[in-house]
>>> print(open('work23.cif').read())   # mmCIF, N, CA and C atoms
data_data
loop_
_atom_site.label_atom_id
_atom_site.label_comp_id
_atom_site.auth_asym_id
_atom_site.auth_seq_id
_atom_site.Cartn_x
_atom_site.Cartn_y
_atom_site.Cartn_z
N MET A 14 0.85 -1.18 0.00
CA MET A 14 0.00 0.00 0.00
C MET A 14 0.90 1.24 0.00
N PRO A 15 0.63 2.22 -0.89
CA PRO A 15 1.48 3.41 -0.94
C PRO A 15 1.32 4.25 0.33
N ALA A 16 2.41 4.89 0.73
CA ALA A 16 2.39 5.76 1.91
C ALA A 16 1.70 7.08 1.57
N LEU A 17 0.96 7.59 2.52
CA LEU A 17 0.32 8.89 2.35
C LEU A 17 1.33 9.99 2.65
N THR A 18 1.16 11.13 2.00
CA THR A 18 2.02 12.28 2.27
C THR A 18 1.15 13.43 2.75
N SER A 19 1.75 14.35 3.45
CA SER A 19 1.03 15.52 3.96
C SER A 19 0.52 16.36 2.80
N PRO A 20 -0.69 16.88 2.93
CA PRO A 20 -1.17 17.79 1.88
C PRO A 20 -0.39 19.10 1.94
N ASN A 21 -0.27 19.75 0.82
CA ASN A 21 0.39 21.06 0.77
C ASN A 21 -0.63 22.10 1.24
N ARG A 22 -0.65 22.33 2.54
CA ARG A 22 -1.67 23.21 3.11
C ARG A 22 -1.54 24.64 2.60
N ALA A 23 -0.32 25.09 2.39
CA ALA A 23 -0.14 26.47 1.90
C ALA A 23 -0.78 26.63 0.52
N ALA A 24 -0.62 25.64 -0.34
CA ALA A 24 -1.23 25.71 -1.67
C ALA A 24 -2.75 25.65 -1.57
N LEU A 25 -3.26 24.77 -0.72
CA LEU A 25 -4.70 24.67 -0.55
C LEU A 25 -5.28 25.96 0.03
N TRP A 26 -4.59 26.51 1.01
CA TRP A 26 -5.03 27.73 1.70
C TRP A 26 -5.10 28.89 0.70
N SER A 27 -4.12 28.94 -0.23
CA SER A 27 -4.09 30.05 -1.19
C SER A 27 -5.19 29.91 -2.25
N LYS A 28 -5.68 28.69 -2.48
CA LYS A 28 -6.73 28.47 -3.48
C LYS A 28 -8.13 28.68 -2.91
N LEU A 29 -8.25 28.79 -1.61
CA LEU A 29 -9.54 28.98 -0.96
C LEU A 29 -10.14 30.31 -1.44
N ALA A 30 -11.43 30.33 -1.68
CA ALA A 30 -12.11 31.55 -2.12
C ALA A 30 -13.42 31.70 -1.35
N LEU A 31 -13.39 32.55 -0.33
CA LEU A 31 -14.57 32.79 0.51
C LEU A 31 -15.14 34.16 0.20
N ASN A 32 -16.46 34.28 0.23
CA ASN A 32 -17.03 35.61 0.10
C ASN A 32 -17.02 36.28 1.49
N LYS A 33 -17.43 37.52 1.53
CA LYS A 33 -17.39 38.30 2.77
C LYS A 33 -18.22 37.66 3.88
N THR A 34 -19.39 37.15 3.54
CA THR A 34 -20.27 36.52 4.53
C THR A 34 -19.61 35.28 5.12
N GLN A 35 -19.04 34.45 4.26
CA GLN A 35 -18.38 33.23 4.73
C GLN A 35 -17.19 33.55 5.62
N LEU A 36 -16.39 34.53 5.21
CA LEU A 36 -15.22 34.90 6.02
C LEU A 36 -15.65 35.40 7.39
N ALA A 37 -16.66 36.25 7.42
CA ALA A 37 -17.16 36.78 8.70
C ALA A 37 -17.68 35.66 9.59
N GLU A 38 -18.42 34.74 9.00
CA GLU A 38 -19.00 33.63 9.76
C GLU A 38 -17.92 32.71 10.33
N ILE A 39 -16.96 32.35 9.51
CA ILE A 39 -15.89 31.45 9.96
C ILE A 39 -15.07 32.07 11.08
N CYS A 40 -14.83 33.38 10.97
CA CYS A 40 -13.93 34.06 11.93
C CYS A 40 -14.67 34.69 13.11
N ASP A 41 -16.02 34.58 13.13
CA ASP A 41 -16.83 35.12 14.21
C ASP A 41 -16.66 36.63 14.37
N VAL A 42 -16.72 37.32 13.22
CA VAL A 42 -16.73 38.78 13.21
C VAL A 42 -17.92 39.21 12.35
N THR A 43 -18.17 40.50 12.29
CA THR A 43 -19.30 40.98 11.50
C THR A 43 -18.85 41.27 10.06
N MET A 44 -19.82 41.29 9.16
CA MET A 44 -19.52 41.66 7.78
C MET A 44 -19.05 43.11 7.72
N ARG A 45 -19.56 43.92 8.60
CA ARG A 45 -19.13 45.33 8.64
C ARG A 45 -17.64 45.42 8.98
N GLN A 46 -17.19 44.59 9.93
CA GLN A 46 -15.76 44.57 10.26
C GLN A 46 -14.93 44.14 9.04
N ILE A 47 -15.38 43.10 8.35
CA ILE A 47 -14.66 42.63 7.16
C ILE A 47 -14.58 43.76 6.13
N SER A 48 -15.70 44.44 5.89
CA SER A 48 -15.72 45.54 4.93
C SER A 48 -14.76 46.65 5.35
N HIS A 49 -14.82 47.03 6.61
CA HIS A 49 -13.95 48.10 7.11
C HIS A 49 -12.48 47.71 7.02
N TRP A 50 -12.15 46.51 7.44
CA TRP A 50 -10.76 46.07 7.43
C TRP A 50 -10.24 45.95 6.00
N THR A 51 -11.12 45.57 5.07
CA THR A 51 -10.72 45.51 3.66
C THR A 51 -10.47 46.91 3.13
N THR A 52 -11.39 47.84 3.42
CA THR A 52 -11.24 49.22 2.97
C THR A 52 -9.96 49.85 3.52
N GLN A 53 -9.64 49.53 4.78
CA GLN A 53 -8.45 50.08 5.41
C GLN A 53 -7.16 49.39 4.95
N GLY A 54 -7.29 48.28 4.22
CA GLY A 54 -6.11 47.56 3.74
C GLY A 54 -5.54 46.58 4.75
N TYR A 55 -6.28 46.29 5.81
CA TYR A 55 -5.81 45.33 6.82
C TYR A 55 -5.92 43.89 6.33
N ILE A 56 -6.93 43.63 5.49
CA ILE A 56 -7.07 42.33 4.84
C ILE A 56 -7.28 42.59 3.35
N HIS A 57 -6.97 41.59 2.54
CA HIS A 57 -7.03 41.81 1.09
C HIS A 57 -7.86 40.73 0.42
N THR A 58 -8.56 41.14 -0.63
CA THR A 58 -9.28 40.18 -1.46
C THR A 58 -8.28 39.53 -2.40
N ILE A 59 -8.70 38.42 -3.00
CA ILE A 59 -7.83 37.68 -3.91
C ILE A 59 -7.46 38.54 -5.10
N GLY A 60 -8.43 39.19 -5.71
CA GLY A 60 -8.19 40.09 -6.84
C GLY A 60 -8.82 41.43 -6.54
N PRO A 61 -8.42 42.46 -7.27
CA PRO A 61 -8.93 43.80 -6.96
C PRO A 61 -10.45 43.91 -7.04
N ALA A 62 -11.08 43.24 -8.00
CA ALA A 62 -12.52 43.33 -8.12
C ALA A 62 -13.21 42.02 -7.78
N ASP A 63 -12.45 41.06 -7.26
CA ASP A 63 -12.97 39.71 -7.05
C ASP A 63 -13.96 39.65 -5.89
N GLY A 64 -13.64 40.26 -4.76
CA GLY A 64 -14.51 40.21 -3.61
C GLY A 64 -14.43 38.92 -2.82
N HIS A 65 -13.46 38.07 -3.13
CA HIS A 65 -13.27 36.82 -2.40
C HIS A 65 -11.95 36.88 -1.62
N TYR A 66 -11.90 36.08 -0.58
CA TYR A 66 -10.75 36.07 0.33
C TYR A 66 -10.18 34.66 0.39
N ASN A 67 -8.86 34.54 0.51
CA ASN A 67 -8.24 33.22 0.65
C ASN A 67 -7.90 32.96 2.11
N GLY A 68 -7.18 31.89 2.36
CA GLY A 68 -6.85 31.49 3.72
C GLY A 68 -6.01 32.50 4.48
N THR A 69 -5.21 33.27 3.76
CA THR A 69 -4.40 34.30 4.42
C THR A 69 -5.29 35.30 5.13
N ALA A 70 -6.42 35.63 4.52
CA ALA A 70 -7.37 36.56 5.15
C ALA A 70 -7.94 35.96 6.43
N ILE A 71 -8.20 34.65 6.41
CA ILE A 71 -8.70 33.99 7.62
C ILE A 71 -7.69 34.16 8.75
N ASP A 72 -6.42 33.87 8.46
CA ASP A 72 -5.37 34.02 9.47
C ASP A 72 -5.36 35.43 10.04
N ARG A 73 -5.37 36.43 9.15
CA ARG A 73 -5.28 37.82 9.59
C ARG A 73 -6.50 38.21 10.42
N VAL A 74 -7.70 37.84 9.96
CA VAL A 74 -8.92 38.21 10.68
C VAL A 74 -8.94 37.58 12.07
N VAL A 75 -8.60 36.31 12.15
CA VAL A 75 -8.58 35.63 13.45
C VAL A 75 -7.60 36.30 14.40
N LEU A 76 -6.42 36.64 13.91
CA LEU A 76 -5.42 37.27 14.76
C LEU A 76 -5.81 38.69 15.16
N ILE A 77 -6.38 39.45 14.22
CA ILE A 77 -6.84 40.80 14.56
C ILE A 77 -7.94 40.71 15.61
N LYS A 78 -8.85 39.78 15.44
CA LYS A 78 -9.94 39.60 16.41
C LYS A 78 -9.39 39.24 17.79
N GLN A 79 -8.38 38.37 17.82
CA GLN A 79 -7.76 38.03 19.11
C GLN A 79 -7.23 39.27 19.80
N GLY A 80 -6.55 40.13 19.03
CA GLY A 80 -6.04 41.38 19.61
C GLY A 80 -7.15 42.26 20.13
N LEU A 81 -8.21 42.40 19.36
CA LEU A 81 -9.35 43.21 19.80
C LEU A 81 -10.00 42.63 21.05
N ASP A 82 -10.14 41.30 21.08
CA ASP A 82 -10.73 40.63 22.24
C ASP A 82 -9.88 40.82 23.50
N GLN A 83 -8.58 41.04 23.30
CA GLN A 83 -7.68 41.29 24.44
C GLN A 83 -7.62 42.76 24.81
N GLY A 84 -8.44 43.60 24.14
CA GLY A 84 -8.52 45.01 24.49
C GLY A 84 -7.59 45.92 23.71
N LEU A 85 -6.92 45.42 22.70
CA LEU A 85 -6.02 46.26 21.91
C LEU A 85 -6.83 47.14 20.96
N PRO A 86 -6.36 48.37 20.71
CA PRO A 86 -6.99 49.17 19.66
C PRO A 86 -6.75 48.49 18.30
N LEU A 87 -7.59 48.78 17.32
CA LEU A 87 -7.52 48.10 16.03
C LEU A 87 -6.13 48.19 15.38
N GLY A 88 -5.57 49.38 15.33
CA GLY A 88 -4.26 49.54 14.69
C GLY A 88 -3.19 48.67 15.33
N ARG A 89 -3.22 48.60 16.65
CA ARG A 89 -2.23 47.78 17.36
C ARG A 89 -2.51 46.29 17.15
N ALA A 90 -3.77 45.91 17.10
CA ALA A 90 -4.13 44.51 16.84
C ALA A 90 -3.63 44.10 15.46
N VAL A 91 -3.74 44.99 14.49
CA VAL A 91 -3.26 44.70 13.13
C VAL A 91 -1.73 44.54 13.14
N ARG A 92 -1.04 45.42 13.84
CA ARG A 92 0.44 45.32 13.91
C ARG A 92 0.87 44.03 14.59
N GLN A 93 0.14 43.64 15.64
CA GLN A 93 0.47 42.38 16.32
C GLN A 93 0.21 41.19 15.40
N ALA A 94 -0.86 41.25 14.63
CA ALA A 94 -1.15 40.18 13.67
C ALA A 94 -0.03 40.08 12.64
N ASP A 95 0.42 41.25 12.15
CA ASP A 95 1.53 41.27 11.18
C ASP A 95 2.79 40.65 11.77
N THR A 96 3.11 41.03 12.99
CA THR A 96 4.29 40.49 13.66
C THR A 96 4.20 38.98 13.82
N PHE A 97 3.03 38.52 14.24
CA PHE A 97 2.83 37.08 14.42
C PHE A 97 2.99 36.35 13.09
N LEU A 98 2.34 36.86 12.05
CA LEU A 98 2.40 36.20 10.75
C LEU A 98 3.81 36.22 10.15
N ASP A 99 4.54 37.31 10.38
CA ASP A 99 5.93 37.37 9.90
C ASP A 99 6.76 36.28 10.55
N GLY A 100 6.55 36.05 11.85
CA GLY A 100 7.28 35.00 12.56
C GLY A 100 6.84 33.62 12.13
N ALA A 101 5.55 33.45 11.91
CA ALA A 101 5.02 32.14 11.52
C ALA A 101 5.44 31.75 10.12
N GLN A 102 5.70 32.75 9.28
CA GLN A 102 6.10 32.45 7.90
C GLN A 102 7.43 31.71 7.87
N GLY A 103 8.29 31.99 8.80
CA GLY A 103 9.56 31.30 8.88
C GLY A 103 9.41 29.84 9.26
N GLU A 104 8.27 29.49 9.86
CA GLU A 104 8.02 28.12 10.27
C GLU A 104 7.33 27.30 9.18
N GLN A 105 6.87 27.96 8.10
CA GLN A 105 6.19 27.25 7.02
C GLN A 105 7.18 26.37 6.28
N PRO A 106 6.77 25.17 5.92
CA PRO A 106 7.67 24.32 5.15
C PRO A 106 7.89 24.90 3.77
N GLY A 107 9.11 24.76 3.27
CA GLY A 107 9.44 25.27 1.95
C GLY A 107 9.54 24.15 0.94
N LEU A 108 10.33 24.35 -0.08
CA LEU A 108 10.49 23.34 -1.13
C LEU A 108 11.14 22.08 -0.60
N GLY A 109 11.81 22.16 0.55
CA GLY A 109 12.48 20.99 1.10
C GLY A 109 11.55 19.85 1.44
N VAL A 110 10.26 20.14 1.64
CA VAL A 110 9.32 19.08 1.98
C VAL A 110 8.69 18.43 0.76
N ILE A 111 8.97 18.97 -0.43
CA ILE A 111 8.43 18.39 -1.65
C ILE A 111 9.32 17.23 -2.06
N GLU A 112 8.71 16.13 -2.38
CA GLU A 112 9.45 14.94 -2.80
C GLU A 112 10.28 15.23 -4.05
N PRO A 113 11.53 14.74 -4.10
CA PRO A 113 12.37 14.98 -5.29
C PRO A 113 11.71 14.51 -6.58
N ALA A 114 10.96 13.41 -6.53
CA ALA A 114 10.29 12.92 -7.74
C ALA A 114 9.28 13.96 -8.24
N SER A 115 8.57 14.61 -7.31
CA SER A 115 7.61 15.64 -7.69
C SER A 115 8.30 16.83 -8.32
N LEU A 116 9.45 17.21 -7.77
CA LEU A 116 10.21 18.32 -8.34
C LEU A 116 10.69 17.98 -9.74
N ARG A 117 11.10 16.73 -9.95
CA ARG A 117 11.53 16.31 -11.29
C ARG A 117 10.35 16.40 -12.26
N ASP A 118 9.16 16.00 -11.81
CA ASP A 118 7.97 16.09 -12.66
C ASP A 118 7.68 17.54 -13.02
N VAL A 119 7.77 18.43 -12.04
CA VAL A 119 7.52 19.84 -12.29
C VAL A 119 8.54 20.38 -13.28
N ALA A 120 9.81 20.04 -13.08
CA ALA A 120 10.86 20.52 -13.99
C ALA A 120 10.61 20.00 -15.41
N GLY A 121 10.22 18.74 -15.53
CA GLY A 121 9.92 18.18 -16.85
C GLY A 121 8.75 18.88 -17.51
N ASN A 122 7.70 19.14 -16.74
CA ASN A 122 6.54 19.84 -17.28
C ASN A 122 6.90 21.25 -17.73
N LEU A 123 7.76 21.91 -16.96
CA LEU A 123 8.19 23.26 -17.34
C LEU A 123 9.01 23.23 -18.63
N ARG A 124 9.90 22.23 -18.75
CA ARG A 124 10.69 22.10 -19.99
C ARG A 124 9.77 21.86 -21.19
N ASP A 125 8.77 20.98 -21.02
CA ASP A 125 7.83 20.70 -22.10
C ASP A 125 7.05 21.97 -22.49
N ALA A 126 6.59 22.70 -21.49
CA ALA A 126 5.84 23.93 -21.75
C ALA A 126 6.71 24.95 -22.46
N LEU A 127 7.96 25.06 -22.06
CA LEU A 127 8.88 26.00 -22.68
C LEU A 127 9.13 25.62 -24.14
N GLU A 128 9.26 24.33 -24.39
CA GLU A 128 9.45 23.86 -25.76
C GLU A 128 8.22 24.20 -26.62
N GLN A 129 7.04 23.96 -26.08
CA GLN A 129 5.82 24.27 -26.81
C GLN A 129 5.68 25.76 -27.06
N LEU A 130 6.06 26.56 -26.08
CA LEU A 130 6.01 28.01 -26.23
C LEU A 130 6.98 28.45 -27.32
N GLY A 131 8.15 27.84 -27.36
CA GLY A 131 9.12 28.14 -28.42
C GLY A 131 8.55 27.84 -29.79
N GLN A 132 7.82 26.73 -29.92
CA GLN A 132 7.22 26.37 -31.21
C GLN A 132 6.16 27.39 -31.62
N VAL A 133 5.38 27.84 -30.66
CA VAL A 133 4.36 28.85 -30.95
C VAL A 133 5.04 30.14 -31.39
N LEU A 134 6.11 30.54 -30.71
CA LEU A 134 6.80 31.77 -31.06
C LEU A 134 7.46 31.68 -32.44
N GLU A 135 7.88 30.49 -32.85
CA GLU A 135 8.44 30.33 -34.19
C GLU A 135 7.41 30.65 -35.26
N VAL A 136 6.14 30.34 -34.98
CA VAL A 136 5.08 30.63 -35.94
C VAL A 136 4.63 32.09 -35.83
N VAL A 137 4.43 32.55 -34.62
CA VAL A 137 3.88 33.88 -34.39
C VAL A 137 4.93 34.97 -34.56
N GLY A 138 6.17 34.70 -34.18
CA GLY A 138 7.23 35.71 -34.24
C GLY A 138 7.38 36.36 -35.60
N PRO A 139 7.52 35.59 -36.68
CA PRO A 139 7.67 36.21 -37.99
C PRO A 139 6.45 37.05 -38.40
N LEU A 140 5.26 36.63 -37.98
CA LEU A 140 4.07 37.41 -38.30
C LEU A 140 4.12 38.77 -37.62
N GLY A 141 4.54 38.78 -36.36
CA GLY A 141 4.66 40.03 -35.63
C GLY A 141 5.78 40.89 -36.18
N ALA A 142 6.90 40.27 -36.56
CA ALA A 142 8.04 41.02 -37.10
C ALA A 142 7.65 41.69 -38.41
N ALA A 143 6.83 41.01 -39.21
CA ALA A 143 6.39 41.58 -40.48
C ALA A 143 5.53 42.82 -40.25
N ARG A 144 4.91 42.88 -39.08
CA ARG A 144 4.07 44.03 -38.75
C ARG A 144 4.79 45.05 -37.88
N GLY A 145 6.06 44.82 -37.63
CA GLY A 145 6.85 45.80 -36.88
C GLY A 145 6.99 45.53 -35.40
N GLY A 146 6.87 44.30 -34.94
CA GLY A 146 7.05 44.02 -33.52
C GLY A 146 6.89 42.55 -33.23
N CYS A 147 6.82 42.19 -31.97
CA CYS A 147 6.54 40.84 -31.50
C CYS A 147 7.58 39.82 -31.93
N GLY A 148 8.80 40.02 -31.50
CA GLY A 148 9.83 39.01 -31.73
C GLY A 148 9.87 38.06 -30.57
N ARG A 149 10.92 37.27 -30.50
CA ARG A 149 11.10 36.30 -29.41
C ARG A 149 11.46 37.08 -28.14
N PRO A 150 10.78 36.81 -27.04
CA PRO A 150 11.12 37.50 -25.78
C PRO A 150 12.55 37.19 -25.36
N ARG A 151 13.18 38.15 -24.73
CA ARG A 151 14.54 37.96 -24.25
C ARG A 151 14.60 36.81 -23.25
N GLY A 152 15.65 36.03 -23.33
CA GLY A 152 15.87 34.96 -22.37
C GLY A 152 15.22 33.65 -22.76
N LEU A 153 14.40 33.64 -23.83
CA LEU A 153 13.73 32.42 -24.24
C LEU A 153 14.54 31.79 -25.37
N THR A 154 15.00 30.59 -25.13
CA THR A 154 15.75 29.90 -26.16
C THR A 154 15.00 28.65 -26.56
N GLY A 155 15.26 28.16 -27.74
CA GLY A 155 14.59 26.91 -28.10
C GLY A 155 14.33 26.80 -29.56
#
>>> encode(input="work23.cif", output="structure tokens")
Amino acid sequence: MPALTSPNRAALWSKLALNKTQLAEICDVTMRQISHWTTQGYIHTIGPADGHYNGTAIDRVVLIKQGLDQGLPLGRAVRQADTFLDGAQGEQPGLGVIEPASLRDVAGNLRDALEQLGQVLEVVGPLGAARGGCGRPRGLTG
């Protein structure tokens, strides 16, 4: 039976997409707080017009709420959340936890994609050059 491996929580967390209501509900804060903190730049949506939040927003909201629950003013609670998250980032596993076989697969896929991109540029490049632009991007060989 194959051995199980830990899920890449950071990747999963970054793919999460919660709306404002879901974020407020999960973190036990109000939607008004989420709106205010977003407007103030304390938490960020996934995209500028997306209106969805990923796991990073959950971390920040929970930590800011903890600070507020302990009686800190909002600005100080945000700074404490930043400090905590900066320290916790050093504890996150990096590429060292990815299996070497997986890294080889990724490298192979990237080489294949680069080769395919080179083939596309061979067709498109001359068309763009004939119109006065669109040559091969710098650094791309193949």
>>> closest_residue(input="work23.cif", among="A:Thr69, A:Val42, A:Leu76, A:Gln129", to="Leu25 (chain A)", atoms="only C-alpha atoms")
A:Thr69
>>> closest_residue(input="work23.cif", among="A:Lys28, A:Lys78, A:Arg89, A:Arg124", to="Asp41 (chain A)", atoms="only N, CA and C atoms")
A:Lys78
>>> resolve_selection(input="work23.cif", expression="the PyMOL selection byres (((chain A and resi 31 and name CA) around 12) and name CA)", output="VMD selection string")
chain A and resid 26 to 30 32 to 40 47 57 to 59 63 to 71
>>> atom_distance(input="work23.cif", atom1="atom C of Gly138 (chain A)", atom2="atom C of Asn122 (chain A)")
23.4 Å
>>> closest_residue(input="work23.cif", among="A:Leu134, A:Leu140, A:Pro20, A:Arg73", to="Ala101 (chain A)", atoms="only C-alpha atoms")
A:Arg73
>>> atom_distance(input="work23.cif", atom1="atom C of Met44 (chain A)", atom2="CA of Leu98 (chain A)")
22.7 Å
>>> atom_distance(input="work23.cif", atom1="CA of Arg45 (chain A)", atom2="CA of Ile77 (chain A)")
14.4 Å
